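entry.pdb follows; it contains PDB, C-alpha atoms.
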MODEL        1
ATOM      1  CA  CYS X  25      93.505 112.208 100.710
ATOM      2  CA  HIS X  26      93.546 108.422 100.536
ATOM      3  CA  ALA X  27      90.514 108.058 102.790
ATOM      4  CA  ALA X  28      88.499 107.593  99.582
ATOM      5  CA  LEU X  29      90.095 104.156  99.299
ATOM      6  CA  ILE X  30      87.964 103.063 102.239
ATOM      7  CA  TRP X  31      84.862 103.021 100.067
ATOM      8  CA  THR X  32      86.408 101.212  97.104
ATOM      9  CA  ALA X  33      88.880  98.890  98.765
ATOM     10  CA  LEU X  34      86.686  96.100 100.050
ATOM     11  CA  ALA X  35      86.130  92.852  98.206
ATOM     12  CA  PRO X  36      82.662  92.477  96.625
ATOM     13  CA  PRO X  37      79.889  90.878  98.740
ATOM     14  CA  GLY X  38      80.146  87.113  98.727
ATOM     15  CA  GLU X  39      83.875  87.214  98.067
ATOM     16  CA  GLY X  40      84.873  88.102 101.604
ATOM     17  CA  GLU X  41      84.506  84.652 103.158
ATOM     18  CA  ALA X  42      87.398  83.502 105.338
ATOM     19  CA  THR X  43      89.119  80.195 104.618
ATOM     20  CA  CYS X  44      90.567  78.306 107.572
ATOM     21  CA  LEU X  45      93.915  76.771 106.636
ATOM     22  CA  HIS X  46      94.716  75.386 110.072
ATOM     23  CA  ALA X  47      92.397  75.118 113.064
ATOM     24  CA  THR X  48      94.172  73.128 115.776
ATOM     25  CA  PRO X  49      96.877  74.318 118.210
ATOM     26  CA  PRO X  50      99.262  76.077 118.181
ATOM     27  CA  GLY X  51      96.772  78.419 116.522
ATOM     28  CA  PRO X  52      94.329  78.972 113.679
ATOM     29  CA  VAL X  53      95.439  80.492 110.380
ATOM     30  CA  PHE X  54      92.883  82.124 108.090
ATOM     31  CA  LEU X  55      92.870  83.563 104.585
ATOM     32  CA  LEU X  56      90.579  86.571 104.309
ATOM     33  CA  PRO X  57      89.976  88.440 101.020
ATOM     34  CA  VAL X  58      89.556  92.116 101.896
ATOM     35  CA  LEU X  59      91.168  94.506  99.407
ATOM     36  CA  THR X  60      90.303  94.704  95.727
ATOM     37  CA  PRO X  61      93.178  94.457  93.216
ATOM     38  CA  GLU X  62      92.575  98.120  92.350
ATOM     39  CA  ALA X  63      92.971  99.199  95.968
ATOM     40  CA  SER X  64      96.092  97.071  96.381
ATOM     41  CA  ALA X  65      97.616  98.644  93.257
ATOM     42  CA  ALA X  66      96.703 102.149  94.455
ATOM     43  CA  ILE X  67      98.424 101.562  97.799
ATOM     44  CA  ILE X  68     101.573 100.322  96.040
ATOM     45  CA  THR X  69     101.631 103.360  93.745
ATOM     46  CA  HIS X  70     101.234 105.730  96.678
ATOM     47  CA  ALA X  71     103.665 103.964  99.010
ATOM     48  CA  THR X  72     106.539 103.006  96.686
ATOM     49  CA  PRO X  73     108.504 106.308  96.767
ATOM     50  CA  GLY X  74     108.452 106.384 100.564
ATOM     51  CA  LEU X  75     109.319 102.687 100.839
ATOM     52  CA  VAL X  76     112.306 103.131  98.539
ATOM     53  CA  GLU X  77     113.496 106.134 100.556
ATOM     54  CA  LEU X  78     113.034 104.301 103.857
ATOM     55  CA  ARG X  79     114.830 101.140 102.679
ATOM     56  CA  GLY X  80     111.806  98.886 102.344
ATOM     57  CA  HIS X  81     110.046  99.341 105.711
ATOM     58  CA  ALA X  82     107.756 102.184 106.770
ATOM     59  CA  THR X  83     104.794 102.745 109.048
ATOM     60  CA  ALA X  84     101.419 103.663 107.584
ATOM     61  CA  ALA X  85     101.767 107.086 109.239
ATOM     62  CA  GLN X  86     105.139 107.713 107.564
ATOM     63  CA  LEU X  87     103.523 107.005 104.179
ATOM     64  CA  GLY X  88     100.398 109.113 104.781
ATOM     65  CA  LEU X  89      98.122 106.075 104.995
ATOM     66  CA  SER X  90      97.118 106.194 108.661
ATOM     67  CA  THR X  91      93.567 107.434 107.936
ATOM     68  CA  PHE X  92      93.038 104.484 105.623
ATOM     69  CA  THR X  93      94.615 101.858 107.882
ATOM     70  CA  THR X  94      92.769 103.128 110.965
ATOM     71  CA  ALA X  95      89.446 102.886 109.156
ATOM     72  CA  ILE X  96      90.232  99.357 107.931
ATOM     73  CA  MET X  97      91.132  98.349 111.497
ATOM     74  CA  GLN X  98      87.951  99.802 112.978
ATOM     75  CA  ARG X  99      85.441  98.837 110.291
ATOM     76  CA  VAL X 100      86.786  95.548 108.969
ATOM     77  CA  LEU X 101      89.563  93.895 110.943
ATOM     78  CA  ALA X 102      88.262  94.322 114.501
ATOM     79  CA  PRO X 103      84.824  92.806 113.682
ATOM     80  CA  ALA X 104      86.465  90.090 111.561
ATOM     81  CA  VAL X 105      88.824  89.094 114.382
ATOM     82  CA  HIS X 106      85.848  88.919 116.738
ATOM     83  CA  LYS X 107      84.203  86.370 114.434
ATOM     84  CA  LEU X 108      87.329  84.402 113.533
ATOM     85  CA  PHE X 109      88.633  84.022 117.089
ATOM     86  CA  PRO X 110      85.504  83.557 119.264
ATOM     87  CA  GLY X 111      87.431  81.504 121.819
ATOM     88  CA  VAL X 112      90.055  84.163 122.506
ATOM     89  CA  PRO X 113      88.937  85.824 125.773
ATOM     90  CA  SER X 114      90.643  89.147 125.125
ATOM     91  CA  ILE X 115      88.985  89.453 121.698
ATOM     92  CA  GLN X 116      85.381  88.711 122.650
ATOM     93  CA  LEU X 117      84.073  92.128 121.662
ATOM     94  CA  PRO X 118      84.286  93.648 118.171
ATOM     95  CA  TYR X 119      85.924  96.769 119.585
ATOM     96  CA  SER X 120      88.448  95.173 121.924
ATOM     97  CA  ILE X 121      91.148  95.857 119.317
ATOM     98  CA  ASP X 122      92.808  99.112 120.309
ATOM     99  CA  VAL X 123      93.709 101.185 117.251
ATOM    100  CA  ASP X 124      96.028 103.465 119.242
ATOM    101  CA  SER X 125      98.255 100.639 120.462
ATOM    102  CA  SER X 126      98.020  98.611 117.239
ATOM    103  CA  HIS X 127     100.609  99.051 114.520
ATOM    104  CA  ALA X 128     100.319  99.149 110.702
ATOM    105  CA  PHE X 129     103.350  99.090 108.421
ATOM    106  CA  LEU X 130     104.361  98.307 104.840
ATOM    107  CA  LEU X 131     107.197  96.138 103.562
ATOM    108  CA  TYR X 132     108.937  96.061 100.187
ATOM    109  CA  HIS X 133     111.300  93.230  99.221
ATOM    110  CA  SER X 134     113.190  93.137  95.931
ATOM    111  CA  ALA X 135     115.412  90.422  94.534
ATOM    112  CA  THR X 136     117.488  92.939  92.579
ATOM    113  CA  ASP X 137     117.749  95.976  94.870
ATOM    114  CA  PRO X 138     120.740  95.515  97.205
ATOM    115  CA  ASP X 139     119.058  97.613  99.906
ATOM    116  CA  ARG X 140     116.032  95.323  99.939
ATOM    117  CA  ASP X 141     117.354  91.964  98.788
ATOM    118  CA  GLY X 142     116.054  88.614  99.969
ATOM    119  CA  ALA X 143     118.860  88.292 102.501
ATOM    120  CA  ALA X 144     117.287  91.171 104.422
ATOM    121  CA  VAL X 145     114.651  88.837 105.862
ATOM    122  CA  TRP X 146     117.323  86.664 107.510
ATOM    123  CA  LYS X 147     117.614  88.829 110.589
ATOM    124  CA  TYR X 148     117.221  86.358 113.451
ATOM    125  CA  LEU X 149     119.508  83.674 114.844
ATOM    126  CA  SER X 150     118.340  80.127 115.434
ATOM    127  CA  GLU X 151     119.283  78.151 118.524
ATOM    128  CA  ASN X 152     122.408  76.916 116.770
ATOM    129  CA  GLY X 153     123.400  80.436 115.721
ATOM    130  CA  GLU X 154     122.413  80.130 112.071
ATOM    131  CA  PRO X 155     120.512  83.002 110.428
ATOM    132  CA  THR X 156     116.767  82.448 110.188
ATOM    133  CA  SER X 157     113.624  84.457 109.532
ATOM    134  CA  ALA X 158     111.525  82.375 111.964
ATOM    135  CA  HIS X 159     109.916  84.641 114.560
ATOM    136  CA  VAL X 160     106.767  85.637 116.432
ATOM    137  CA  ASP X 161     105.131  89.066 116.257
ATOM    138  CA  ASP X 162     104.590  91.728 118.907
ATOM    139  CA  SER X 163     100.826  91.474 118.444
ATOM    140  CA  ARG X 164      97.744  89.673 119.688
ATOM    141  CA  ILE X 165      96.596  89.026 116.119
ATOM    142  CA  THR X 166      98.561  89.673 112.923
ATOM    143  CA  VAL X 167      96.893  90.500 109.594
ATOM    144  CA  ASN X 168      99.303  90.330 106.660
ATOM    145  CA  PHE X 169      98.106  91.539 103.240
ATOM    146  CA  THR X 170     100.023  90.792 100.085
ATOM    147  CA  LEU X 171      99.462  93.919  98.026
ATOM    148  CA  GLY X 172     101.126  92.613  94.890
ATOM    149  CA  GLY X 173     104.298  92.330  92.907
ATOM    150  CA  ASP X 174     105.560  89.761  90.439
ATOM    151  CA  PHE X 175     107.889  87.628  92.526
ATOM    152  CA  ALA X 176     109.256  84.168  93.178
ATOM    153  CA  GLY X 177     110.349  82.648  96.458
ATOM    154  CA  SER X 178     109.395  84.626  99.561
ATOM    155  CA  ASP X 179     107.167  81.807 100.849
ATOM    156  CA  LEU X 180     105.295  82.575 104.066
ATOM    157  CA  SER X 181     105.066  79.503 106.267
ATOM    158  CA  PHE X 182     103.956  78.519 109.763
ATOM    159  CA  ALA X 183     105.157  75.982 112.301
ATOM    160  CA  CYS X 184     101.870  74.038 112.510
ATOM    161  CA  GLY X 185     103.150  70.484 112.870
ATOM    162  CA  ASP X 186     103.999  69.983 109.220
ATOM    163  CA  ARG X 187     105.198  73.194 107.573
ATOM    164  CA  LEU X 188     102.142  75.173 106.408
ATOM    165  CA  VAL X 189     102.869  77.383 103.375
ATOM    166  CA  VAL X 190     100.168  79.959 102.667
ATOM    167  CA  PRO X 191      99.359  81.557  99.294
ATOM    168  CA  GLN X 192     100.153  85.217  98.706
ATOM    169  CA  ARG X 193      97.777  86.967  96.315
ATOM    170  CA  PRO X 194      96.901  90.664  96.013
ATOM    171  CA  GLY X 195      94.248  91.730  98.523
ATOM    172  CA  LEU X 196      94.363  88.426 100.392
ATOM    173  CA  ALA X 197      95.068  88.714 104.117
ATOM    174  CA  VAL X 198      96.682  86.005 106.204
ATOM    175  CA  VAL X 199      95.241  86.260 109.740
ATOM    176  CA  HIS X 200      96.947  84.460 112.633
ATOM    177  CA  PRO X 201      97.825  84.797 116.326
ATOM    178  CA  GLY X 202     100.917  86.940 116.724
ATOM    179  CA  ASP X 203     102.626  84.333 118.888
ATOM    180  CA  LEU X 204     102.335  81.639 116.199
ATOM    181  CA  ALA X 205     105.869  81.091 114.872
ATOM    182  CA  HIS X 206     106.263  81.844 111.169
ATOM    183  CA  GLU X 207     108.956  82.658 108.644
ATOM    184  CA  VAL X 208     109.504  84.153 105.200
ATOM    185  CA  GLU X 209     111.883  82.628 102.684
ATOM    186  CA  PRO X 210     114.200  84.973 100.750
ATOM    187  CA  ILE X 211     112.749  86.446  97.582
ATOM    188  CA  THR X 212     114.480  85.011  94.503
ATOM    189  CA  ALA X 213     112.956  87.088  91.693
ATOM    190  CA  GLY X 214     110.882  90.244  91.276
ATOM    191  CA  GLU X 215     109.480  92.357  94.088
ATOM    192  CA  ARG X 216     106.821  91.949  96.766
ATOM    193  CA  PHE X 217     104.749  94.514  98.690
ATOM    194  CA  ASN X 218     102.937  93.756 101.956
ATOM    195  CA  LEU X 219     100.690  95.694 104.321
ATOM    196  CA  VAL X 220     100.868  94.288 107.850
ATOM    197  CA  PHE X 221      98.725  95.011 110.895
ATOM    198  CA  TRP X 222      99.826  94.091 114.384
ATOM    199  CA  LEU X 223      96.547  94.192 116.284
ATOM    200  CA  ARG X 224      96.729  94.648 120.043
ATOM    201  CA  GLU X 225      93.930  94.549 122.575
ATOM    202  CA  ARG X 226      92.831  97.485 124.692
ATOM    203  CA  ARG X 227      94.883  97.629 127.883
TER     204      ARG X 227
ENDMDL
END
Transcribe the structure of this file into structure tokens.
Amino acid sequence: CHAALIWTALAPPGEGEATCLHATPPGPVFLLPVLTPEASAAIITHATPGLVELRGHATAAQLGLSTFTTAIMQRVLAPAVHKLFPGVPSIQLPYSIDVDSSHAFLLYHSATDPDRDGAAVWKYLSENGEPTSAHVDDSRITVNFTLGGDFAGSDLSFACGDRLVVPQRPGLAVVHPGDLAHEVEPITAGERFNLVFWLRERR
């Protein structure tokens, strides 16, 4: 029933230009406006009950959003990745992204809910054994949408020489190679919703 979002979700013409935040190795990072604020809000409204029940992490299929996310992958993200990463051999064709092996999921972090508090993002161990959120993704390309929420903290940053902190605004996607190390700081106030795509190439 949420397939109708496909036709209303995209940013208006002229507002969908990508911004390159970092171009040199270890990998490019782009900001890409895709979803309208209305679409982002609609996804949050639809997904929140399931996210609460599933403790802040759920696949698009679990939340009944797979029709929507599949269409976004096929019609928007695969062609966009083709244009943003022309030098990546495995992503030379617009349809080299394989929807079946790709993965879409939603995240909900809250500073006040003990099941989804900021400490939940500290789930890795650094080389010295300290907790850290620094990690790489199981994807060829990651597309991370901030859907919304009034929050503080929760900075998303990348290990690109100097620490690169990227803005998080509703409908704005951060696009980066999955093997580019990144981390999320704990949320300190409010709540944050994200829609994440792990795009994988056809095998």
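Nearest residue to X:Phe109 among X:Val53, X:Leu75, X:Ala66, X:Val220 is X:Val53, counting all atoms listed in the file.
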Practice problem: Measure the distance from atom CA of X:Leu180 to atom CA of X:Leu196 in Å and round it to one decimal. | Solution: 12.9 Å
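Using all atoms listed in the file, the smallest distance between any of X:His81, X:His106, X:His70, X:His127 and X:Thr94 comes from X:His127.
Every protein, DNA or RNA residue with an atom at most 6 Å from X:Ile165, where only C-alpha atoms count and chain neighbours fewer than 2 positions away do not, is listed here: Ser163, His200, Pro201, Gly202 and Leu223 of chain X.
With all atoms listed in the file as the basis for measurement, X:Ala205 is the residue among X:Val123, X:Ala82, X:Val198, X:Ala205 that approaches X:Asp161 most closely.
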Exercise. List, as a list in words, every residue that the PyMOL selection byres ((chain X and resi 181) around 10) selects in the file provided.
Key: Ala158, Ser178, Asp179, Leu180, Phe182, Ala183, Cys184, Arg187, Leu188, Val189, Val190, Pro191, Ala205, His206, Glu207, Val208 and Glu209 of chain X
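Between X:Ala42 and the residues X:Ala197, X:Ser157, X:Arg99, X:Ser90, the shortest atom-to-atom distance, using all atoms listed in the file, involves X:Ala197.
Our summary of the geometry notes that atom CA of X:Thr83 is positioned 6.0 Å from atom CA of X:Ala128.
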Practice problem: Determine, counting all atoms listed in the file, which protein, DNA and RNA residues have an atom within 12 Å of an atom of X:Asp174; residues of the same chain fewer than 3 positions away are not included. Present the result as a ChimeraX atom specification. | Solution: /X:133-135,170-171,177-178,192-194,211-217
Quiz item: Any idea what's packed within 10 Å of X:Ala71, counting only C-alpha atoms, ignoring anything in its chain fewer than 3 positions away? Could you give it as a list in words?
Solution: Ala65, Ala66, Ile67, Ile68, Gly74, Leu75, Val76, Ala82, Ala84, Gln86, Leu87, Gly88, Leu89, Leu130, Leu131, Tyr132 and Phe217 of chain X
Report as lines of an AutoDock Vina configuration file the centre and the edge lengths, in Å to one decimal, of the axis-aligned box holding every listed atom of stretch 73-87 of chain X, padded by 5 Å on each side.
center_x = 108.1
center_y = 103.3
center_z = 103.0
size_x = 23.4
size_y = 18.8
size_z = 22.5
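Taking atom CA of X:Ala104 as the reference point, atom CA of X:His159 is found at 24.3 Å.
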Practice problem: Select, from X:Thr72, X:Leu56, X:Pro50, X:Asp122, the residue with the minimum atom-to-atom distance to X:Asp186, counting all atoms listed in the file. | Solution: X:Pro50
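In terms of minimum interatomic distance to X:Leu108, X:Pro52 ranks closest within X:Pro52, X:Trp222, X:Phe169, X:Ala85, counting all atoms listed in the file.
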Exercise. Do a neighbour search on X:Glu41 at 10 Å with all atoms listed in the file, toss out local chain neighbours closer than 5 positions, and write the hits as number ranges by chain.
Key: X: 35, 55-58
Taking C-alpha atoms for each residue, export the selection above as a compact mmCIF listing (two decimals), keeping the file's coordinate frame.
# COMPACT_ATOMS: atom_id res chain seq x y z
CA ALA X 35 86.13 92.85 98.21
CA LEU X 55 92.87 83.56 104.58
CA LEU X 56 90.58 86.57 104.31
CA PRO X 57 89.98 88.44 101.02
CA VAL X 58 89.56 92.12 101.90
